[in-house]
Amino acid sequence: MIVAAESASTLTSASTSSPELEEAVLAALRRVSDPELDESVVELGFVDSVHVDRGRVDIVLRLPTFWCAPNFAYLMAYDAREEALQVPGVNEVNVVLKDHMCSDEISSGVSAGDAFSAVFPGQTDGDDLGELRALFCGKAFGMRQEQLVRFLLDAGLTAKEVVALRAQDILDTGDANGLRLELNGAARLLRGGAPLARAYLQRRQRVGLDADPAAPLVTDLDGASIEAGNLEAHLQRTRRQRVSMTFNALMCRGLLETRYGLVDNRKEG
Amino acid sequence: MYRTADGEQVFVVDGHVHFWDGSPANQKNRYAEGWVECFYNYHKNLSPPDYVWPLEQYQRYSEQQMMKDRFEDGYGDMAIFQPTYLRDFFTNGWNTIEQDAVLKDKYPDKFILNGAWDPRDGDAGIRQLEEDVKRYGIKGVKLYTAEWKGNSKGYKLNDPATYRYLDKCVELGITNIHIHKGPTIWPFNRDAFDVADIDEPATLYRDAGLRFIIEHCGLPRVEDFCWIAAQEPNVYGGLAVVMPFIHASPHYFAEVMAELMWWLGPDRLIWSSDYALWSPKWIVDKFMAFDFPEDIKQSRGLSMSLDDKRKILGLNAAKLYDLPVPSGAGFQVAVPA
């Protein structure tokens with residue numbers, strides 16, 4: 001059984017535990033993000049414990065407040081189950097959301113694989129939570145783009161050079177020394193930019209803009225390119241999104257720490 | 001009154017305070033308990049350690065405590081009560097106009113008493129509003145669109161039922177409509193996640209003189225709030241919940257203030273402590289010492305002058321509520337109507 005390092009939980013288990021499978025499930029949960037914060041639920045400390053017993057996985061999640069929006073909570077719990085089910089050797093996944101106003105409904109609904117609209121009839125508009133997910137994928141795309149573009153401008157690229165970049169000009173984001181890209185026909189290494197580019201490319205793929213390697217790298221959500229003269233105005237819009245998301249992330253981290261007596265490891269950034 | 005080292009006076013109006021009863025005796029159910037726990041965690045998480053109270057004190061604090069924190073220690077000239085009823089959770093309500101009126105009666109020069117209404121109360125609510133105006137002379141109301149009421153988990157500001165109440169406000173001379181639009185807590189998908197329902201009423205009731213003060217600036221949807229506020233000159237930002245970040249995450253506080261100053265400017269921001277969520281003294285001290293960091297000054301060309309602070313800390317609220325500002329404590333501010 002994996003218990004969050006800082007957790008005050010005293011759960012113990014006499015049954016068979018599978019440490020390797022638990023690690024694999026935890027790794028899978030890193031791919032689950034809080035849609036509003038665009039950060040992994042593992043990084044955020046939302047995973048209280050993971051326990052695997054003969055292919056059956058029990059995941060306990062916890063959130064910063066009793067009132068955290070049920071639809072976001074449902075999305076995360078649902079995604080956690082989906083990701084855990086992908087891990088080879090896992091046959092069954094139960095998710096428990098603890099200390100929440102809708103703990104029972106969300107835990108039983110998600111564990112049964114039900115849609116949010118089936119568990120909370122009349123509480124959604126349109127297609128279950130798909131629209132909500134898409135909305136926040138778009139915000140995450142904008143936020144990560146702004147961070148990458150600010151980095152590129154700080155690194156000395158002109159607005160004209162930035163908007164002329166194509167997706168295929170990003171040569172390597174896995175290099176520990178920095179971001180390798182092609183600029184004006186020559187390869188350049190920009191120190192420190194690789195994580196920003198990785199994060200952006202992943203969100204760009206998620207909103208479906210990754211089909212054409214020759215497409216412009218920096219676009220609006222519809223894939224339309226930005227003119228150099230409009231880049232600053234475009235960044236101002238995405239900056240407001242980032243301010244909102246980061247503010248919320250700070251709030252959520254702090255409240256989770258306060259609620260569960262965790263170490264204060266809040267960081268600005 | 002706050003006095004700077006140079007002897008300048010700053011008139012302080014706290015735009016959002018409570019005198020609540022969250023004691024176990026008043027809690028109806030687990031939602032009440034969850035509500036108090038959540039508030040208490042906000043308080044603990046964002047207050048400097050010296051200002052953190054024990055839970056029992058936080059659940060129900062005394063009149064003496066409030067008068068000391070708010071007015072003796074906290075530089076307060078006046079404070080505005082913003083009632084929040086929550087009768088589905090608390091037997092006698094969380095913070096009702098009757099509870100607040102006890103202090104207003106005792107200290108009439110210190111408090112501005114606001115009311116509250118809920119369009120789901122129908123005719124009875126309209127009658128109650130008329131009575132509250134007659135009895136207390138209220139000029140403002142606090143609305144909580146996410147409040148639970150039986151099976152309903154909230155309402156929207158652009159519901160037809162709401163317009164009936166807004167019409168009533170115009171008729172009764174209630175011009176300040178404070179609306180809670182804050183962090184994502186509840187209810188479900190329907191209206192918790194945006195401030196979009198402010199847009200239409202702000203336009204429709206602009207000529208009738210209604211002002212919409214968005215408490216918590218729509219956090220965490222600052223971008224949506226700024227977008228609406230930039231277009232609607234009768235939309236204001238209430239800084240409750242924004243302010244305490246000045247201690248917990250100062251650079252982010254500066255970034256949010258930069259957005260607000262950029263889009264709304266200093267004439268439409270209303271300072272508040274949200275007492276007893278946070279104690280006012282340290283917030284005023286830190287705000288008076290605040291300046292934008294160099295990176296923001298350079299990239300945005302923004303500044304925060306003493307006169308800007310005067311407007312935010314008191315003069316803007318004074319304008320909304322026709323409060324007498326002592327001579328020497330400011331100037332006549334031109335707040336757009």
# chains A, B, ... in the order shown; residues from 1 in each chain; ligands from 1
$ select_by_dssp --residues "segment 157-224 of chain A" --states "strand (DSSP E or B)" --output "list in words"
Arg166, Ile170, Leu171, Asp172, Leu179, Arg180, Leu181, Glu182, Leu183, Ala186, Ala187, Arg188, Leu189, Leu190, Pro216 and Thr219 of chain A
$ interface_residues --of "chain A" --to "chain B" --cutoff "8 Å" --atoms "only C-alpha atoms" --output "list in words"
Thr65, Phe66, Trp67, Cys68, Ala69, Pro70, Asn71, Met101, Gln123, Thr124, Asp125, Arg237, Arg240, Gln241, Val243, Ser244, Met245, Phe247, Asn248, Gly254, Leu255, Thr258, Arg259 and Glu268 of chain A
$ write_last_selection --atoms "C-alpha atoms" --output "mmCIF file, in the first residue's frame"
data_model
loop_
_atom_site.group_PDB
_atom_site.id
_atom_site.type_symbol
_atom_site.label_atom_id
_atom_site.label_comp_id
_atom_site.auth_asym_id
_atom_site.auth_seq_id
_atom_site.Cartn_x
_atom_site.Cartn_y
_atom_site.Cartn_z
ATOM 1 C CA THR A 65 -12.150 21.514 0.762
ATOM 2 C CA PHE A 66 -15.387 19.798 1.640
ATOM 3 C CA TRP A 67 -16.989 21.961 -1.070
ATOM 4 C CA CYS A 68 -14.643 21.447 -4.016
ATOM 5 C CA ALA A 69 -16.839 21.488 -7.109
ATOM 6 C CA PRO A 70 -18.359 18.026 -7.573
ATOM 7 C CA ASN A 71 -17.977 18.043 -11.342
ATOM 8 C CA MET A 101 -19.870 16.731 0.559
ATOM 9 C CA GLN A 123 -26.730 19.183 -12.795
ATOM 10 C CA THR A 124 -25.009 19.473 -16.143
ATOM 11 C CA ASP A 125 -25.723 21.363 -19.310
ATOM 12 C CA ARG A 237 -5.102 37.464 -22.890
ATOM 13 C CA ARG A 240 -4.977 36.624 -17.435
ATOM 14 C CA GLN A 241 -5.773 32.939 -17.706
ATOM 15 C CA VAL A 243 -2.975 34.465 -13.275
ATOM 16 C CA SER A 244 -6.333 32.856 -12.536
ATOM 17 C CA MET A 245 -5.056 29.317 -12.707
ATOM 18 C CA PHE A 247 -3.925 31.844 -8.029
ATOM 19 C CA ASN A 248 -6.256 28.922 -7.712
ATOM 20 C CA GLY A 254 -2.461 25.851 0.802
ATOM 21 C CA LEU A 255 -5.913 24.641 1.775
ATOM 22 C CA THR A 258 -3.956 23.291 6.162
ATOM 23 C CA ARG A 259 -6.745 20.743 6.056
ATOM 24 C CA GLU A 268 5.796 30.667 -6.065
#
$ closest_residue --among "A:Leu63, A:Leu135, A:Leu157, A:Val50" --to "Cys102 of chain A" --atoms "only C-alpha atoms"
A:Leu63
$ residues_around --residues "Gly55 of chain A" --least-positions-apart "6" --cutoff "8 Å" --atoms "only C-alpha atoms" --output "PyMOL selection string"
chain A and resi 89-92
$ select_by_dssp --residues "segment 138-236 of chain B" --states "helix (DSSP H, G or I)" --output "JSON, numbers by chain"
{"B": [160, 161, 162, 163, 164, 165, 166, 167, 168, 169, 170, 171, 172, 196, 197, 198, 199, 200, 201, 202, 203, 204, 216, 217, 218, 222, 223, 224, 225, 226, 227, 228, 229, 230, 231]}
$ residues_around --residues "segment 119-132 of chain B" --least-positions-apart "6" --cutoff "7 Å" --atoms "only C-alpha atoms" --output "list in words"
Ala161, Thr162 and Tyr165 of chain B
$ write_last_selection --atoms "C-alpha atoms" --output "mmCIF file, in the first residue's frame"
data_model
loop_
_atom_site.group_PDB
_atom_site.id
_atom_site.type_symbol
_atom_site.label_atom_id
_atom_site.label_comp_id
_atom_site.auth_asym_id
_atom_site.auth_seq_id
_atom_site.Cartn_x
_atom_site.Cartn_y
_atom_site.Cartn_z
ATOM 1 C CA ALA B 161 -37.012 35.923 -11.139
ATOM 2 C CA THR B 162 -33.860 37.872 -10.297
ATOM 3 C CA TYR B 165 -35.937 41.714 -7.446
#
$ residues_around --residues "segment 179-196 of chain A" --least-positions-apart "3" --cutoff "6 Å" --atoms "only C-alpha atoms" --output "PyMOL selection string"
chain A and resi 148+169-173+199
$ decode --residues "segment 107-131 of chain A" --atoms "N, CA and C atoms" --output "short mmCIF file (atom, residue, chain, number, x, y, z; two decimals), in the first residue's frame"
data_model
loop_
_atom_site.label_atom_id
_atom_site.label_comp_id
_atom_site.auth_asym_id
_atom_site.auth_seq_id
_atom_site.Cartn_x
_atom_site.Cartn_y
_atom_site.Cartn_z
N SER A 107 -17.90 8.46 -5.14
CA SER A 107 -17.15 7.20 -4.99
C SER A 107 -17.88 6.04 -5.66
N SER A 108 -19.16 5.92 -5.38
CA SER A 108 -19.87 4.78 -5.94
C SER A 108 -20.10 4.95 -7.43
N GLY A 109 -20.38 6.17 -7.87
CA GLY A 109 -20.62 6.42 -9.29
C GLY A 109 -19.39 6.16 -10.13
N VAL A 110 -18.26 6.68 -9.70
CA VAL A 110 -17.02 6.50 -10.46
C VAL A 110 -16.60 5.04 -10.47
N SER A 111 -16.68 4.41 -9.32
CA SER A 111 -16.24 3.01 -9.25
C SER A 111 -17.08 2.12 -10.14
N ALA A 112 -18.34 2.52 -10.38
CA ALA A 112 -19.20 1.75 -11.27
C ALA A 112 -19.03 2.20 -12.73
N GLY A 113 -18.20 3.21 -12.96
CA GLY A 113 -17.98 3.69 -14.32
C GLY A 113 -19.13 4.51 -14.87
N ASP A 114 -19.97 5.04 -13.99
CA ASP A 114 -21.12 5.82 -14.45
C ASP A 114 -20.70 7.23 -14.89
N ALA A 115 -21.50 7.80 -15.79
CA ALA A 115 -21.28 9.19 -16.18
C ALA A 115 -21.77 10.12 -15.08
N PHE A 116 -21.18 11.32 -15.03
CA PHE A 116 -21.58 12.32 -14.03
C PHE A 116 -23.09 12.59 -14.11
N SER A 117 -23.58 12.69 -15.34
CA SER A 117 -24.99 13.05 -15.52
C SER A 117 -25.93 11.96 -14.99
N ALA A 118 -25.44 10.72 -14.92
CA ALA A 118 -26.26 9.65 -14.37
C ALA A 118 -26.31 9.73 -12.85
N VAL A 119 -25.21 10.21 -12.27
CA VAL A 119 -25.12 10.27 -10.81
C VAL A 119 -25.76 11.55 -10.27
N PHE A 120 -25.61 12.63 -11.04
CA PHE A 120 -26.19 13.92 -10.63
C PHE A 120 -27.12 14.41 -11.73
N PRO A 121 -28.27 13.80 -11.87
CA PRO A 121 -29.15 14.19 -12.98
C PRO A 121 -29.56 15.66 -12.85
N GLY A 122 -29.59 16.33 -13.99
CA GLY A 122 -30.03 17.73 -14.01
C GLY A 122 -28.97 18.72 -13.58
N GLN A 123 -27.76 18.25 -13.27
CA GLN A 123 -26.73 19.18 -12.79
C GLN A 123 -25.74 19.58 -13.87
N THR A 124 -25.91 19.06 -15.08
CA THR A 124 -25.01 19.47 -16.14
C THR A 124 -25.81 20.04 -17.30
N ASP A 125 -25.15 20.92 -18.05
CA ASP A 125 -25.72 21.36 -19.31
C ASP A 125 -24.97 20.59 -20.38
N GLY A 126 -25.67 20.21 -21.41
CA GLY A 126 -25.00 19.62 -22.57
C GLY A 126 -24.44 18.24 -22.31
N ASP A 127 -23.30 18.00 -22.93
CA ASP A 127 -22.77 16.63 -22.99
C ASP A 127 -21.96 16.25 -21.76
N ASP A 128 -22.62 15.96 -20.71
CA ASP A 128 -21.95 15.54 -19.48
C ASP A 128 -20.82 16.52 -19.16
N LEU A 129 -19.63 16.03 -18.89
CA LEU A 129 -18.56 16.94 -18.48
C LEU A 129 -17.58 17.23 -19.60
N GLY A 130 -17.92 16.78 -20.81
CA GLY A 130 -17.02 16.97 -21.94
C GLY A 130 -16.70 18.44 -22.20
N GLU A 131 -17.73 19.27 -22.14
CA GLU A 131 -17.52 20.70 -22.41
C GLU A 131 -16.62 21.34 -21.36
#
